[in-house]
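Okay, structure-v3.pdb now, which holds PDB, C-alpha atoms:
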ATOM      1  CA  MET A 257       0.000   0.000   0.000  1.00  0.00           C
ATOM      2  CA  PRO A 258       1.860   3.079  -1.185  1.00  0.00           C
ATOM      3  CA  VAL A 259       1.566   6.215   0.911  1.00  0.00           C
ATOM      4  CA  VAL A 260       1.314   9.503  -0.972  1.00  0.00           C
ATOM      5  CA  TRP A 261       2.850  11.897   1.524  1.00  0.00           C
ATOM      6  CA  ASP A 262       2.117  14.958  -0.622  1.00  0.00           C
ATOM      7  CA  GLU A 263      -1.588  14.343  -0.071  1.00  0.00           C
ATOM      8  CA  GLY A 264      -1.237  14.218   3.673  1.00  0.00           C
ATOM      9  CA  GLU A 265      -2.789  16.804   5.963  1.00  0.00           C
ATOM     10  CA  LEU A 266      -1.600  18.329   9.199  1.00  0.00           C
ATOM     11  CA  THR A 267      -3.600  17.376  12.237  1.00  0.00           C
ATOM     12  CA  ALA A 268      -3.733  18.560  15.824  1.00  0.00           C
ATOM     13  CA  LEU A 269      -4.327  15.012  17.041  1.00  0.00           C
ATOM     14  CA  ASP A 270      -3.252  14.480  20.628  1.00  0.00           C
ATOM     15  CA  LEU A 271      -1.539  11.111  20.832  1.00  0.00           C
ATOM     16  CA  THR A 272      -2.595  10.717  24.455  1.00  0.00           C
ATOM     17  CA  SER A 273      -6.247  10.860  23.378  1.00  0.00           C
ATOM     18  CA  ILE A 274      -6.004   7.836  21.073  1.00  0.00           C
ATOM     19  CA  GLU A 275      -8.146   4.975  22.340  1.00  0.00           C
ATOM     20  CA  THR A 276      -6.851   1.446  21.988  1.00  0.00           C
ATOM     21  CA  SER A 277     -10.279  -0.174  21.909  1.00  0.00           C
ATOM     22  CA  PRO A 278     -13.513   0.820  20.164  1.00  0.00           C
ATOM     23  CA  ARG A 279     -16.263   2.491  22.117  1.00  0.00           C
ATOM     24  CA  ASP A 280     -19.535   0.736  22.812  1.00  0.00           C
ATOM     25  CA  GLY A 281     -21.376   0.021  19.564  1.00  0.00           C
ATOM     26  CA  ALA A 282     -18.335   0.655  17.363  1.00  0.00           C
ATOM     27  CA  SER A 283     -15.563  -1.502  15.956  1.00  0.00           C
ATOM     28  CA  PHE A 284     -12.319  -1.101  14.066  1.00  0.00           C
ATOM     29  CA  GLY A 285     -12.399  -1.211  10.298  1.00  0.00           C
ATOM     30  CA  PRO A 286     -10.307  -3.830   8.507  1.00  0.00           C
ATOM     31  CA  LEU A 287      -6.577  -3.256   8.252  1.00  0.00           C
ATOM     32  CA  PRO A 288      -4.984  -2.728   4.836  1.00  0.00           C
ATOM     33  CA  ALA A 289      -2.875  -5.719   3.926  1.00  0.00           C
ATOM     34  CA  PRO A 290       0.536  -3.983   4.260  1.00  0.00           C
ATOM     35  CA  ALA A 291      -0.387  -2.743   7.738  1.00  0.00           C
ATOM     36  CA  HIS A 292      -0.297  -6.370   8.978  1.00  0.00           C
ATOM     37  CA  LYS A 293       3.484  -6.422   8.510  1.00  0.00           C
ATOM     38  CA  ALA A 294       5.552  -4.846  11.319  1.00  0.00           C
ATOM     39  CA  ARG A 295       8.489  -4.143   9.012  1.00  0.00           C
ATOM     40  CA  GLN A 296       6.227  -2.031   6.813  1.00  0.00           C
ATOM     41  CA  TYR A 297       6.100   0.638   9.514  1.00  0.00           C
ATOM     42  CA  ALA A 298       9.903   0.913   9.434  1.00  0.00           C
ATOM     43  CA  THR A 299       9.682   1.278   5.650  1.00  0.00           C
ATOM     44  CA  TRP A 300       7.086   4.017   5.956  1.00  0.00           C
ATOM     45  CA  THR A 301       9.298   5.778   8.494  1.00  0.00           C
ATOM     46  CA  LYS A 302      12.234   5.806   6.059  1.00  0.00           C
ATOM     47  CA  GLU A 303      10.022   6.954   3.177  1.00  0.00           C
ATOM     48  CA  PHE A 304       8.565   9.769   5.259  1.00  0.00           C
ATOM     49  CA  THR A 305      12.041  10.840   6.347  1.00  0.00           C
ATOM     50  CA  ARG A 306      13.273  10.977   2.737  1.00  0.00           C
ATOM     51  CA  TRP A 307      10.139  12.883   1.667  1.00  0.00           C
ATOM     52  CA  LEU A 308      10.503  15.375   4.497  1.00  0.00           C
ATOM     53  CA  GLN A 309      14.164  16.009   3.668  1.00  0.00           C
ATOM     54  CA  GLN A 310      13.080  17.172   0.227  1.00  0.00           C
ATOM     55  CA  ARG A 311      10.567  19.657   1.592  1.00  0.00           C
ATOM     56  CA  GLU A 312      11.209  23.356   2.135  1.00  0.00           C
ATOM     57  CA  LEU A 313       9.477  25.547   4.667  1.00  0.00           C
ATOM     58  CA  SER A 314       9.166  29.294   4.086  1.00  0.00           C
ATOM     59  CA  LEU A 315       8.707  31.486   7.133  1.00  0.00           C
ATOM     60  CA  ASP A 316       8.518  35.206   7.799  1.00  0.00           C
ATOM     61  CA  ARG A 317      11.231  36.697   9.969  1.00  0.00           C
ATOM     62  CA  ASP A 318      11.690  40.052  11.655  1.00  0.00           C
ATOM     63  CA  PRO A 319      15.386  40.927  11.194  1.00  0.00           C
ATOM     64  CA  ALA A 320      15.382  43.396  14.107  1.00  0.00           C
ATOM     65  CA  THR A 321      14.426  40.833  16.753  1.00  0.00           C
ATOM     66  CA  GLY A 322      15.111  37.547  14.978  1.00  0.00           C
ATOM     67  CA  VAL A 323      11.545  36.375  15.661  1.00  0.00           C
ATOM     68  CA  ALA A 324      10.277  33.992  12.990  1.00  0.00           C
ATOM     69  CA  SER A 325       6.740  32.916  12.233  1.00  0.00           C
ATOM     70  CA  ARG A 326       5.545  29.449  13.145  1.00  0.00           C
ATOM     71  CA  PRO A 327       4.273  27.036  10.503  1.00  0.00           C
ATOM     72  CA  GLY A 328       0.633  27.877   9.806  1.00  0.00           C
ATOM     73  CA  GLU A 329       0.662  30.872  12.162  1.00  0.00           C
ATOM     74  CA  PRO A 330      -1.821  33.602  11.162  1.00  0.00           C
ATOM     75  CA  PRO A 331      -0.064  36.834  10.076  1.00  0.00           C
ATOM     76  CA  ARG A 332      -1.808  38.857  12.788  1.00  0.00           C
ATOM     77  CA  GLU A 333      -0.579  36.563  15.556  1.00  0.00           C
ATOM     78  CA  PHE A 334       2.953  36.703  14.193  1.00  0.00           C
ATOM     79  CA  ARG A 335       2.842  40.500  14.039  1.00  0.00           C
ATOM     80  CA  LEU A 336       1.656  40.629  17.656  1.00  0.00           C
ATOM     81  CA  ARG A 337       4.572  38.432  18.696  1.00  0.00           C
ATOM     82  CA  VAL A 338       6.970  40.713  16.833  1.00  0.00           C
ATOM     83  CA  GLU A 339       5.500  43.783  18.542  1.00  0.00           C
ATOM     84  CA  LEU A 340       5.881  42.117  21.946  1.00  0.00           C
ATOM     85  CA  ALA A 341       9.479  41.135  21.194  1.00  0.00           C
ATOM     86  CA  GLN A 342      10.298  44.666  20.068  1.00  0.00           C
ATOM     87  CA  ARG A 343       8.751  46.182  23.205  1.00  0.00           C
ATOM     88  CA  GLU A 344      10.755  43.789  25.378  1.00  0.00           C
ATOM     89  CA  ARG A 345      13.875  44.649  23.430  1.00  0.00           C
ATOM     90  CA  ARG A 346      13.120  48.365  23.779  1.00  0.00           C
ATOM     91  CA  ASP A 347      12.601  48.072  27.540  1.00  0.00           C
ATOM     92  CA  ALA A 348      15.844  46.127  27.939  1.00  0.00           C
ATOM     93  CA  GLU A 349      17.744  48.714  25.899  1.00  0.00           C
ATOM     94  CA  LYS A 350      16.255  51.559  27.935  1.00  0.00           C
ATOM     95  CA  GLU A 351      17.292  49.867  31.151  1.00  0.00           C
ATOM     96  CA  ARG A 352      20.801  49.403  29.764  1.00  0.00           C
ATOM     97  CA  ILE A 353      20.982  53.126  28.943  1.00  0.00           C
ATOM     98  CA  ARG A 354      19.714  54.084  32.414  1.00  0.00           C
ATOM     99  CA  GLN A 355      22.309  51.838  34.028  1.00  0.00           C
ATOM    100  CA  LYS A 356      24.973  53.475  31.857  1.00  0.00           C
ATOM    101  CA  PHE A 357      23.978  56.973  32.996  1.00  0.00           C
ATOM    102  CA  ALA A 358      23.367  56.030  36.646  1.00  0.00           C
ATOM    103  CA  PRO A 359      27.015  56.328  37.850  1.00  0.00           C
ATOM    104  CA  ARG A 360      27.418  59.717  36.173  1.00  0.00           C
ATOM    105  CA  LEU A 361      24.193  61.028  37.719  1.00  0.00           C
ATOM    106  CA  ALA A 362      25.129  59.639  41.136  1.00  0.00           C
ATOM    107  CA  LYS A 363      28.557  61.281  40.925  1.00  0.00           C
ATOM    108  CA  ILE A 364      27.207  64.711  40.013  1.00  0.00           C
ATOM    109  CA  ASP A 365      24.476  64.427  42.688  1.00  0.00           C
ATOM    110  CA  ASP A 366      27.200  63.798  45.271  1.00  0.00           C
ATOM    111  CA  GLN A 367      29.144  66.797  43.969  1.00  0.00           C
ATOM    112  CA  ILE A 368      26.032  68.972  44.244  1.00  0.00           C
ATOM    113  CA  ARG A 369      25.409  67.851  47.834  1.00  0.00           C
ATOM    114  CA  ARG A 370      28.988  68.658  48.815  1.00  0.00           C
ATOM    115  CA  ALA A 371      28.858  71.997  46.999  1.00  0.00           C
ATOM    116  CA  GLU A 372      25.612  72.927  48.766  1.00  0.00           C
ATOM    117  CA  ALA A 373      27.182  71.983  52.082  1.00  0.00           C
ATOM    118  CA  SER A 374      30.107  74.219  51.203  1.00  0.00           C
ATOM    119  CA  VAL A 375      27.723  77.118  50.483  1.00  0.00           C
ATOM    120  CA  ALA A 376      26.063  76.680  53.877  1.00  0.00           C
ATOM    121  CA  ARG A 377      29.441  76.545  55.597  1.00  0.00           C
ATOM    122  CA  GLU A 378      30.750  79.631  53.794  1.00  0.00           C
ATOM    123  CA  GLN A 379      27.531  81.536  54.550  1.00  0.00           C
ATOM    124  CA  GLN A 380      27.845  80.668  58.218  1.00  0.00           C
ATOM    125  CA  GLN A 381      31.467  81.796  58.307  1.00  0.00           C
ATOM    126  CA  ALA A 382      30.608  84.994  56.414  1.00  0.00           C
ATOM    127  CA  SER A 383      27.863  85.814  58.924  1.00  0.00           C
ATOM    128  CA  ALA A 384      30.222  85.234  61.825  1.00  0.00           C
ATOM    129  CA  GLN A 385      32.846  87.414  60.196  1.00  0.00           C
ATOM    130  CA  LYS A 386      30.355  90.245  59.615  1.00  0.00           C
ATOM    131  CA  ALA A 387      29.377  90.069  63.265  1.00  0.00           C
ATOM    132  CA  GLN A 388      33.023  90.286  64.278  1.00  0.00           C
ATOM    133  CA  VAL A 389      33.487  93.358  62.058  1.00  0.00           C
ATOM    134  CA  GLY A 390      30.537  94.965  63.806  1.00  0.00           C
ATOM    135  CA  VAL A 391      32.000  94.269  67.260  1.00  0.00           C
ATOM    136  CA  SER A 392      35.368  95.700  66.303  1.00  0.00           C
ATOM    137  CA  VAL A 393      33.824  98.863  64.856  1.00  0.00           C
ATOM    138  CA  VAL A 394      31.646  99.390  67.920  1.00  0.00           C
ATOM    139  CA  GLN A 395      34.659  98.992  70.185  1.00  0.00           C
ATOM    140  CA  GLY A 396      36.512 101.609  68.188  1.00  0.00           C
ATOM    141  CA  ILE A 397      33.621 104.045  68.312  1.00  0.00           C
ATOM    142  CA  PHE A 398      33.237 103.658  72.059  1.00  0.00           C
ATOM    143  CA  GLY A 399      36.928 104.199  72.482  1.00  0.00           C
ATOM    144  CA  ALA A 400      36.752 107.454  70.557  1.00  0.00           C
ATOM    145  CA  LEU A 401      33.754 108.649  72.546  1.00  0.00           C
ATOM    146  CA  LEU A 402      35.386 108.147  75.934  1.00  0.00           C
ATOM    147  CA  GLY A 403      37.094 111.532  75.573  1.00  0.00           C
ATOM    148  CA  ARG A 404      40.536 110.309  74.645  1.00  0.00           C
ATOM    149  CA  LYS A 405      42.107 113.178  72.752  1.00  0.00           C
ATOM    150  CA  LYS A 406      45.078 111.224  71.555  1.00  0.00           C
ATOM    151  CA  LEU A 407      45.125 107.924  69.778  1.00  0.00           C
ATOM    152  CA  SER A 408      46.350 105.244  72.125  1.00  0.00           C
ATOM    153  CA  ALA A 409      48.026 102.025  71.117  1.00  0.00           C
ATOM    154  CA  THR A 410      44.822 100.215  72.100  1.00  0.00           C
ATOM    155  CA  THR A 411      42.706 102.408  69.831  1.00  0.00           C
ATOM    156  CA  ILE A 412      45.074 101.919  66.933  1.00  0.00           C
ATOM    157  CA  GLY A 413      45.141  98.168  67.582  1.00  0.00           C
ATOM    158  CA  ARG A 414      41.364  97.993  67.606  1.00  0.00           C
ATOM    159  CA  ALA A 415      41.215  99.899  64.346  1.00  0.00           C
ATOM    160  CA  GLY A 416      43.666  97.491  62.767  1.00  0.00           C
ATOM    161  CA  THR A 417      41.697  94.543  64.029  1.00  0.00           C
ATOM    162  CA  ALA A 418      38.480  96.000  62.655  1.00  0.00           C
ATOM    163  CA  TYR A 419      40.130  96.497  59.280  1.00  0.00           C
ATOM    164  CA  ARG A 420      41.413  92.926  59.202  1.00  0.00           C
ATOM    165  CA  HIS A 421      37.980  91.606  60.096  1.00  0.00           C
ATOM    166  CA  TYR A 422      36.504  93.736  57.350  1.00  0.00           C
ATOM    167  CA  GLU A 423      38.938  92.363  54.767  1.00  0.00           C
ATOM    168  CA  ARG A 424      38.280  88.842  55.950  1.00  0.00           C
ATOM    169  CA  SER A 425      34.541  89.518  55.700  1.00  0.00           C
ATOM    170  CA  LYS A 426      34.948  90.505  52.056  1.00  0.00           C
ATOM    171  CA  GLU A 427      36.912  87.311  51.413  1.00  0.00           C
ATOM    172  CA  GLN A 428      34.201  85.238  53.058  1.00  0.00           C
ATOM    173  CA  ALA A 429      31.538  86.948  50.945  1.00  0.00           C
ATOM    174  CA  GLN A 430      33.551  86.116  47.817  1.00  0.00           C
ATOM    175  CA  ASP A 431      33.859  82.510  48.996  1.00  0.00           C
ATOM    176  CA  VAL A 432      30.058  82.366  49.265  1.00  0.00           C
ATOM    177  CA  VAL A 433      29.723  83.711  45.712  1.00  0.00           C
ATOM    178  CA  GLN A 434      32.181  81.141  44.383  1.00  0.00           C
ATOM    179  CA  ALA A 435      30.556  78.261  46.257  1.00  0.00           C
ATOM    180  CA  THR A 436      27.116  79.307  44.993  1.00  0.00           C
ATOM    181  CA  ALA A 437      28.442  79.524  41.434  1.00  0.00           C
ATOM    182  CA  ARG A 438      29.830  75.997  41.812  1.00  0.00           C
ATOM    183  CA  VAL A 439      26.382  74.693  42.773  1.00  0.00           C
ATOM    184  CA  GLU A 440      24.810  76.440  39.786  1.00  0.00           C
ATOM    185  CA  THR A 441      27.432  75.017  37.426  1.00  0.00           C
ATOM    186  CA  LEU A 442      26.902  71.491  38.712  1.00  0.00           C
ATOM    187  CA  ALA A 443      23.113  71.892  38.479  1.00  0.00           C
ATOM    188  CA  ALA A 444      23.480  72.968  34.834  1.00  0.00           C
ATOM    189  CA  GLU A 445      25.703  69.953  34.147  1.00  0.00           C
ATOM    190  CA  ARG A 446      23.109  67.648  35.688  1.00  0.00           C
ATOM    191  CA  THR A 447      20.350  69.176  33.568  1.00  0.00           C
ATOM    192  CA  ALA A 448      22.447  68.637  30.442  1.00  0.00           C
ATOM    193  CA  LEU A 449      23.092  65.027  31.487  1.00  0.00           C
ATOM    194  CA  GLU A 450      19.381  64.428  32.049  1.00  0.00           C
ATOM    195  CA  GLN A 451      18.635  65.864  28.612  1.00  0.00           C
ATOM    196  CA  GLU A 452      21.237  63.565  27.080  1.00  0.00           C
ATOM    197  CA  LEU A 453      19.609  60.606  28.837  1.00  0.00           C
ATOM    198  CA  GLU A 454      16.125  61.570  27.651  1.00  0.00           C
ATOM    199  CA  ALA A 455      17.402  62.007  24.089  1.00  0.00           C
ATOM    200  CA  SER A 456      18.939  58.520  24.169  1.00  0.00           C
ATOM    201  CA  LEU A 457      15.707  57.009  25.513  1.00  0.00           C
ATOM    202  CA  GLY A 458      13.683  58.896  22.911  1.00  0.00           C
ATOM    203  CA  ALA A 459      15.843  57.564  20.091  1.00  0.00           C
ATOM    204  CA  ILE A 460      15.189  54.018  21.282  1.00  0.00           C
ATOM    205  CA  GLU A 461      11.438  54.710  21.359  1.00  0.00           C
ATOM    206  CA  GLN A 462      11.498  55.966  17.770  1.00  0.00           C
ATOM    207  CA  ASN A 463      13.179  52.763  16.631  1.00  0.00           C
ATOM    208  CA  LEU A 464      10.148  50.737  17.769  1.00  0.00           C
ATOM    209  CA  VAL A 465       8.656  50.303  14.307  1.00  0.00           C
ATOM    210  CA  VAL A 466       7.173  47.020  13.125  1.00  0.00           C
ATOM    211  CA  PRO A 467       7.909  46.669   9.385  1.00  0.00           C
ATOM    212  CA  SER A 468       5.037  46.295   6.956  1.00  0.00           C
ATOM    213  CA  GLN A 469       6.850  43.396   5.327  1.00  0.00           C
ATOM    214  CA  PHE A 470       9.200  40.804   6.758  1.00  0.00           C
ATOM    215  CA  GLU A 471      12.062  38.951   5.204  1.00  0.00           C
ATOM    216  CA  THR A 472      11.455  35.402   4.059  1.00  0.00           C
ATOM    217  CA  VAL A 473      13.631  32.559   5.283  1.00  0.00           C
ATOM    218  CA  THR A 474      13.595  29.096   3.781  1.00  0.00           C
ATOM    219  CA  LEU A 475      14.253  26.067   5.941  1.00  0.00           C
ATOM    220  CA  LYS A 476      15.176  22.636   4.692  1.00  0.00           C
ATOM    221  CA  PRO A 477      15.836  19.608   6.927  1.00  0.00           C
ATOM    222  CA  ARG A 478      19.462  18.530   7.104  1.00  0.00           C
ATOM    223  CA  ARG A 479      20.439  14.962   6.581  1.00  0.00           C
ATOM    224  CA  GLY A 480      20.211  13.274   9.928  1.00  0.00           C
ATOM    225  CA  GLY A 481      18.180  16.151  11.294  1.00  0.00           C
ATOM    226  CA  VAL A 482      14.788  14.445  10.987  1.00  0.00           C
ATOM    227  CA  HIS A 483      13.608  12.367  13.925  1.00  0.00           C
ATOM    228  CA  VAL A 484      10.296  10.588  13.533  1.00  0.00           C
ATOM    229  CA  LYS A 485       8.708   9.904  16.914  1.00  0.00           C
ATOM    230  CA  LEU A 486       5.886   7.627  15.813  1.00  0.00           C
ATOM    231  CA  VAL A 487       4.468   5.994  12.711  1.00  0.00           C
ATOM    232  CA  ALA A 488       1.150   4.314  13.454  1.00  0.00           C
ATOM    233  CA  LEU A 489      -2.183   3.442  11.913  1.00  0.00           C
ATOM    234  CA  VAL A 490      -5.287   4.896  13.528  1.00  0.00           C
ATOM    235  CA  TRP A 491      -8.970   4.838  12.769  1.00  0.00           C
ATOM    236  CA  GLU A 492     -10.933   8.044  12.522  1.00  0.00           C
ATOM    237  CA  PRO A 493     -14.619   7.969  13.472  1.00  0.00           C
ATOM    238  CA  VAL A 494     -16.809   8.343  10.398  1.00  0.00           C
ATOM    239  CA  PRO A 495     -20.208   9.943  11.101  1.00  0.00           C
ATOM    240  CA  GLY A 496     -23.113   7.895   9.733  1.00  0.00           C
ATOM    241  CA  ALA A 497     -20.962   4.881   8.913  1.00  0.00           C
ATOM    242  CA  GLY A 498     -22.783   2.547  11.281  1.00  0.00           C
ATOM    243  CA  PRO A 499     -21.038   0.583  13.993  1.00  0.00           C
ATOM    244  CA  VAL A 500     -17.676   0.556  12.182  1.00  0.00           C
ATOM    245  CA  ALA A 501     -15.369   3.387  13.279  1.00  0.00           C
TER
END

Target format structure tokens, applied to this file:
Amino acid sequence: MPVVWDEGELTALDLTSIETSPRDGASFGPLPAPAHKARQYATWTKEFTRWLQQRELSLDRDPATGVASRPGEPPREFRLRVELAQRERRDAEKERIRQKFAPRLAKIDDQIRRAEASVAREQQQASAQKAQVGVSVVQGIFGALLGRKKLSATTIGRAGTAYRHYERSKEQAQDVVQATARVETLAAERTALEQELEASLGAIEQNLVVPSQFETVTLKPRRGGVHVKLVALVWEPVPGAGPVA
């Protein structure tokens, strides 16, 4: 009994659902003569293997993700799988970019915190220095008002001290300006870095485009690459055929 493999049809038959005995009121139909010979099944296996090795299978493939269609898969289902794969790829790429920028952002955030602490420290020192200038000036004024007609060494010393405090106060004020400028510079650098990150993420988002057409790949079984799990003869129930099934 020759088997014409080209006329075969794919089936979703579950091998575990095959019954080994007929149901009540049904019976097996007669076996074809060749099916009585056990060695015939080995012959059919070899013939099927040779036939399959001559077949070619054409599938659609998305070159961006490498996802290929499954045999008999509806185009819409394949496109949905491609979209899912591209979204997963996009999310993974975005996470990679974020991880790349994370150390740079963490470093500049630490620099900003230290610069802000420096501003607070310089402001505190500047305030203390201004207060000291005020004390020195007041001491000098009181000394002049006590009726001393001549400048004493103490008065001159206080004046010199007041002047030094005043100069130091100006230096402290300049330190505050410089520290504040450092914070502003670092903040601008962080903003630029954030913009660079957003631009990189946006570019990845724009690349999420499912092509209207996919490339076609052709598959052909390699010699020795075909493994037949089972060759068997089964009966299919025939509606209206009476007790024979």

Problem - Contacts of stretch 291-306 of chain A at 10 Å (only C-alpha atoms; same-chain gap of 6+ positions) as a PyMOL selection string - result: chain A and resi 257-261+477+479-489

Problem - Long-range neighbours of A:Thr441 as number ranges by chain, 12 Å cut-off, all atoms listed in the file, 4 positions minimum in chain - result: A: 364, 367-368, 371-372, 434-437, 445-448

Put a box with edges along x, y and z around all the listed atoms of stretch 269-277 of chain A, pad it by 6 Å on each side, then give me its centre and sizes in Å, one decimal, as lines of an AutoDock Vina configuration file.
center_x = -5.9
center_y = 7.4
center_z = 20.7
size_x = 20.7
size_y = 27.2
size_z = 19.4

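Shortest separation to A:Glu312 among A:Thr474, A:Gln342, A:Ser277, A:Ser468 occurs at residue A:Thr474, atoms counted being all atoms listed in the file.
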
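Within 10 Å of A:Trp491, once only C-alpha atoms are used and residues closer than 5 positions along the same chain are dropped, the contacting residues are Ile274, Glu275, Pro278, Ser283, Phe284, Gly285, Pro286, Leu287, Val500 and Ala501 of chain A.
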
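Interatomic distance, atom CA of A:Thr321 against atom CA of A:Ala341: 6.7 Å.
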
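Distance annotation: of A:Ala376, A:Leu475, A:Ala444, A:Ala358, the residue with the minimal separation from A:Gln310 is A:Leu475; atom set is only C-alpha atoms.
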
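Straight-line separation from atom CA of A:Ala455 to atom CA of A:Lys363: 20.2 Å.
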
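For the file shown, the residue list from the PyMOL selection byres ((chain A and resi 329-337) around 12) reads A:Ser314, A:Leu315, A:Asp316, A:Arg317, A:Asp318, A:Thr321, A:Gly322, A:Val323, A:Ala324, A:Ser325, A:Arg326, A:Pro327, A:Gly328, A:Val338, A:Glu339, A:Leu340, A:Ala341, A:Gln342, A:Arg343, A:Glu344, A:Val465, A:Val466, A:Pro467, A:Ser468, A:Gln469, A:Phe470.
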
Residue selection dump (C-alpha atoms) as a short mmCIF file (atom, residue, chain, number, x, y, z; two decimals), in the coordinates of the input:
data_model
loop_
_atom_site.label_atom_id
_atom_site.label_comp_id
_atom_site.auth_asym_id
_atom_site.auth_seq_id
_atom_site.Cartn_x
_atom_site.Cartn_y
_atom_site.Cartn_z
CA SER A 314 9.17 29.29 4.09
CA LEU A 315 8.71 31.49 7.13
CA ASP A 316 8.52 35.21 7.80
CA ARG A 317 11.23 36.70 9.97
CA ASP A 318 11.69 40.05 11.66
CA THR A 321 14.43 40.83 16.75
CA GLY A 322 15.11 37.55 14.98
CA VAL A 323 11.54 36.38 15.66
CA ALA A 324 10.28 33.99 12.99
CA SER A 325 6.74 32.92 12.23
CA ARG A 326 5.54 29.45 13.14
CA PRO A 327 4.27 27.04 10.50
CA GLY A 328 0.63 27.88 9.81
CA VAL A 338 6.97 40.71 16.83
CA GLU A 339 5.50 43.78 18.54
CA LEU A 340 5.88 42.12 21.95
CA ALA A 341 9.48 41.14 21.19
CA GLN A 342 10.30 44.67 20.07
CA ARG A 343 8.75 46.18 23.20
CA GLU A 344 10.76 43.79 25.38
CA VAL A 465 8.66 50.30 14.31
CA VAL A 466 7.17 47.02 13.12
CA PRO A 467 7.91 46.67 9.38
CA SER A 468 5.04 46.30 6.96
CA GLN A 469 6.85 43.40 5.33
CA PHE A 470 9.20 40.80 6.76
#

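Atom CA of A:Val433 is positioned 8.4 Å from atom CA of A:Val375.
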